[in-house]
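To keep things clear, I will list the structure first and then write my remarks on it.
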Number of protein chains: 2
Amino acid sequence: MKRVAIGIDIGGTNTAIGVVDSEGKILYERKPPMATPQKRENPDLTQSVSDMLLDKYINNLSVEIKTAISMVKQINPEIEVMGIGIGAPNGNYYSGTIEYAPNLPFIGIVNFISLIEKKFPEFKYIKLTNDANAAALGEMIYGGARGMKNFALMTLGTGLGSGLIVNGDLVYGADGFAGECGHTTVVPDGRVCGCGGRGHLEAYCSATGIKRTVYELLAKYNDSESPLANIPLNEMTSKIVFDAAEKGDTIAKEVFEITGELLGRSLADTVHYLSPEAIFLFGGAAAAGDYIFKPTKASMERHLLPVFRNKVKLLPSQLKESSAAIVGSSALVWKEMEKN
Amino acid sequence: MKRVAIGIDIGGTNTAIGVVDSEGKILYERKPPMATPQKRENPDLTQSVSDMLLDKYINNLSVEIKTAISMVKQINPEIEVMGIGIGAPNGNYYSGTIEYAPNLPFIGIVNFISLIEKKFPEFKYIKLTNDANAAALGEMIYGGARGMKNFALMTLGTGLGSGLIVNGDLVYGADGFAGECGHTTVVPDGRVCGCGGRGHLEAYCSATGIKRTVYELLAKYNDSESPLANIPLNEMTSKIVFDAAEKGDTIAKEVFEITGELLGRSLADTVHYLSPEAIFLFGGAAAAGDYIFKPTKASMERHLLPVFRNKVKLLPSQLKESSAAIVGSSALVWKEMEKN
């Protein structure tokens with residue numbers, strides 16, 4: 001028998017499903033066209049409409065899971081599916097619920113896992129957590145953190161998520177929602193964050209935060225020579241800033257310097273809390289390589305107590321960005337099997 | 001048989017030793033006159049002098065431990081000593097070493113536990129950690145955190161220490177030194193901290209930080225009417241600030257407001273990292289009651305993501321300050337027994 005796990009990533013605009021073996025190899029992958037309108041486009045969403053959308057979503061997802069299983073079994077009848085791991089925004093590992101997810105079309109608290117369990121009573125391991133926690137598990141089980149018992153992973157995407165591993169297990173905290181490092185304060189009374197708070201790490205060091213720094217510097221220098229001066233906010237990406245830096249643009253370079261300074265100070269706090277063996281950076285902004293890693297590492301070291309200096313590795317995630325979400329979610333299954 | 005544990009607290013100026021039962025009751029307690037000169041008063045300390053001082057210290061401590069055991073056995077011959085727990089600055093749980101402790105007269109890294117083990121081969125459980133971690137264990141085993149699996153304890157003393165409990169165990173991190181929340185940044189480029197860094201929590205919210213805020217406000221308002229205006233820096237204590245607040249002094253009240261605002265914001269970060277069930281405040285500054293708890297709680301709630309609001313308890317430690325160090329250290333023994 002060849003053991004596999006199903007990984008599902010539920011996003012605001014897409015759902016991805018994959019079948020993953022114990023080495024992290026994807027045997028089957030699909031992004032079915034079952035996107036649902038985001039709540040912000042759906043201001044009149046009522047409880048009954050939410051229930052109906054949820055019911056439809058669960059049915060579609062179950063069909064997709066069954067299809068995935070039959071597809072991989074056609075290729076290799078020896079395959080044994082061990083369970084289902086799900087990554088979702090505001091996913092609660094303890095209760096298996098998705099709670100007040102701002103970008104999903106479900107109202108309030110949804111008992112997601114119990115709905116999936118009803119469809120798949122044959123699986124012992126059906127678990128859910130948020131996407132950053134799933135990525136950290138993926139890093140531990142398939143990626144650069146294999147063998148590590150204490151590390152942190154930061155996802156620098158539209159938001160800034162984090163998964164914290166202590167003593168070989170995810171930190172879920174008392175209520176299942178630990179690891180929200182993106183909402184720690186790095187600039188008191190600073191920029192307004194997407195959550196409504198001020199000066200949060202996410203408002204500066206996520207891909208969105210990097211964009212905001214670009215426009216702050218464009219406003220400051222009014223530099224019409226910069227290639228960034230030709231790009232509107234809604235088209236700006238970390239990749240464009242990286243390309244500008246590669247061409248020697250001083251604004252792009254300063255953006256990464258500022259981002260790294262703040263991120264490094266914040267990661268020094270992470271070290272002061274948890275003393276991890278390594279911190280992994282994941283996501284589009286992390287792809288800027290030395291432009292982001294060098295100033296971040298320098299700032300982190302400068303802000304550390306002497307006892308922690310030159311001990312903590314700052315590393316790029318070894319998960320492929322395109323598949324990390326399903327690979328990470330599938331890792332939940334192997335982790336549960338290890339616990340049992 | 002009645003099981004007891006020995007708790008030892010090693011401080012810069014004092015050593016305390018106690019015999020503690022499994023309920024946290026102290027059966028025997030002594031602060032032997034074996035204080036050693038602090039390193040800062042001893043700038044010419046050489047390795048050979050350090051070795052000699054250490055040797056003498058270990059011998060004296062062993063005599064004290066044997067005396068403690070024979071004293072409690074005289075009273076109750078049924079007593080069984082289960083082990084020795086030691087709290088020391090820069091104490092490393094994993095290696096049993098005390099590393100570069102700034103206020104102890106030993107140079108470099110001292111293999112403290114192996115020296116004690118040689119003196120007491122009959123004990124299976126001999127463990128060491130730093131004082132704040134010991135206090136957190138004490139809170140979990142004897143105090144207000146009984147039954148909690150996720151909480152944090154902050155010691156607001158001369159410095160600001162912290163002990164973090166995740167999944168029912170202390171967070172030691174990769175190297176044994178996790179939980180240095182006092183050295184996270186709360187005011188970027190702010191006050192110089194005792195460690196040489198800037199803007200650290202310890203520089204604002206320890207008892208020392210509170211004193212500094214007093215003099216900052218005295219400088220700002222030049223208020224000769226304040227009772228605090230008659231106290232020199234070297235005589236100022238949190239108790240004096242508390243007494244002034246009780247008498248209605250506006251500077252004293254503002255000191256606690258400022259301290260609480262910063263501490264609360266920092267504790268919101270603690271929640272964003274770890275989502276604890278409760279955060280305990282310990283030490284002299286925490287004795288100011290509502291003056292410190294009210295603004296801290298208000299600030300913490302204001303800085304939390306909505307998902308965490310009104311969930312996390314902010315509580316005074318239930319350990320007596322005078323005995324918490326030995327009681328906390330003794331808790332290391334019960335915790336080890338639980339693990340084995």
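Each chain of the structure tokens is named A, B, ... in the order shown, its residues numbered from 1; ligands are numbered from 1 in display order.
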Practice prompt. Please run DSSP on the backbone and report, as a PyMOL selection string, all residues within stretch 84-142 of chain B that come out as strand (DSSP E or B).
Written response: chain B and resi 84-87+91-92+97-99+109-110+125-129
Output as a PDB file with C-alpha atoms, in the first residue's frame the set of chain A residues within 9 Å of chain B, with distances taken over only C-alpha atoms.
ATOM      1  CA  GLU A  99     -15.000  31.480  12.367  1.00  0.00           C
ATOM      2  CA  TYR A 100     -16.032  34.867  10.949  1.00  0.00           C
ATOM      3  CA  MET A 148      13.367  20.937  13.688  1.00  0.00           C
ATOM      4  CA  LYS A 149      11.369  21.132  16.923  1.00  0.00           C
ATOM      5  CA  ASN A 150      11.267  24.924  17.281  1.00  0.00           C
ATOM      6  CA  PHE A 151      10.845  27.277  14.340  1.00  0.00           C
ATOM      7  CA  SER A 162       2.583  33.036  10.796  1.00  0.00           C
ATOM      8  CA  LEU A 164       4.815  28.855  15.206  1.00  0.00           C
ATOM      9  CA  VAL A 166       7.251  24.835  19.726  1.00  0.00           C
ATOM     10  CA  ASN A 167       8.448  21.480  21.021  1.00  0.00           C
ATOM     11  CA  ASP A 169       3.986  20.980  17.555  1.00  0.00           C
ATOM     12  CA  VAL A 171       1.156  26.632  18.790  1.00  0.00           C
ATOM     13  CA  TYR A 172      -2.634  26.835  18.673  1.00  0.00           C
ATOM     14  CA  GLY A 173      -3.050  28.520  22.071  1.00  0.00           C
ATOM     15  CA  ALA A 174      -6.053  28.395  24.362  1.00  0.00           C
ATOM     16  CA  ASP A 175      -8.609  29.029  21.613  1.00  0.00           C
ATOM     17  CA  GLY A 176      -6.970  27.669  18.460  1.00  0.00           C
ATOM     18  CA  PHE A 177      -6.050  31.073  17.001  1.00  0.00           C
ATOM     19  CA  ALA A 178      -2.446  31.617  18.163  1.00  0.00           C
ATOM     20  CA  GLY A 179       0.224  32.750  15.709  1.00  0.00           C
ATOM     21  CA  GLU A 180      -1.196  36.076  14.544  1.00  0.00           C
ATOM     22  CA  CYS A 181       2.216  37.755  14.442  1.00  0.00           C
ATOM     23  CA  GLY A 182       1.070  39.927  11.538  1.00  0.00           C
ATOM     24  CA  HIS A 183      -1.004  41.906  14.009  1.00  0.00           C
ATOM     25  CA  THR A 184       1.731  42.669  16.510  1.00  0.00           C
ATOM     26  CA  THR A 185       2.675  46.349  16.672  1.00  0.00           C
ATOM     27  CA  VAL A 186       5.929  47.419  14.996  1.00  0.00           C
ATOM     28  CA  VAL A 187       5.243  51.147  14.580  1.00  0.00           C
ATOM     29  CA  PRO A 188       3.146  52.523  17.469  1.00  0.00           C
ATOM     30  CA  CYS A 195      -7.864  44.695  10.615  1.00  0.00           C
ATOM     31  CA  GLY A 196      -8.454  48.295  11.699  1.00  0.00           C
ATOM     32  CA  GLY A 197      -5.532  48.356  14.155  1.00  0.00           C
ATOM     33  CA  ARG A 198      -2.515  50.618  13.728  1.00  0.00           C
ATOM     34  CA  ARG A 265      13.132  44.022  14.436  1.00  0.00           C
ATOM     35  CA  SER A 266       9.887  42.100  14.621  1.00  0.00           C
ATOM     36  CA  ALA A 268      14.034  39.656  16.879  1.00  0.00           C
ATOM     37  CA  ASP A 269      10.903  39.822  19.044  1.00  0.00           C
ATOM     38  CA  THR A 270       9.923  36.384  17.706  1.00  0.00           C
ATOM     39  CA  VAL A 271      13.312  35.112  18.833  1.00  0.00           C
ATOM     40  CA  HIS A 272      12.953  36.758  22.246  1.00  0.00           C
ATOM     41  CA  TYR A 273       9.608  35.000  22.677  1.00  0.00           C
ATOM     42  CA  LEU A 274      10.385  31.577  21.270  1.00  0.00           C
ATOM     43  CA  SER A 275      14.105  31.155  20.576  1.00  0.00           C
ATOM     44  CA  PRO A 276      13.482  29.209  17.367  1.00  0.00           C
ATOM     45  CA  GLU A 277      16.160  27.281  15.511  1.00  0.00           C
ATOM     46  CA  ALA A 278      15.131  29.014  12.277  1.00  0.00           C
ATOM     47  CA  ARG A 302      21.147  44.093  15.646  1.00  0.00           C
ATOM     48  CA  HIS A 303      17.966  43.900  17.737  1.00  0.00           C
ATOM     49  CA  LEU A 304      18.765  40.586  19.441  1.00  0.00           C
ATOM     50  CA  LEU A 305      20.068  40.086  22.959  1.00  0.00           C
ATOM     51  CA  PRO A 306      23.719  38.930  22.704  1.00  0.00           C
ATOM     52  CA  VAL A 307      22.761  35.419  23.878  1.00  0.00           C
ATOM     53  CA  PHE A 308      20.716  34.888  20.678  1.00  0.00           C
ATOM     54  CA  LYS A 311      22.241  31.432  16.268  1.00  0.00           C
TER      55      LYS A 311
END
Item to complete: Could you give me, as a PyMOL selection string, the residues within 7 Å of stretch 106-109 of chain A, counting only C-alpha atoms and dropping anything in the same chain fewer than 2 positions from it?
Response: chain A and resi 47+50+54+97-100+104+111
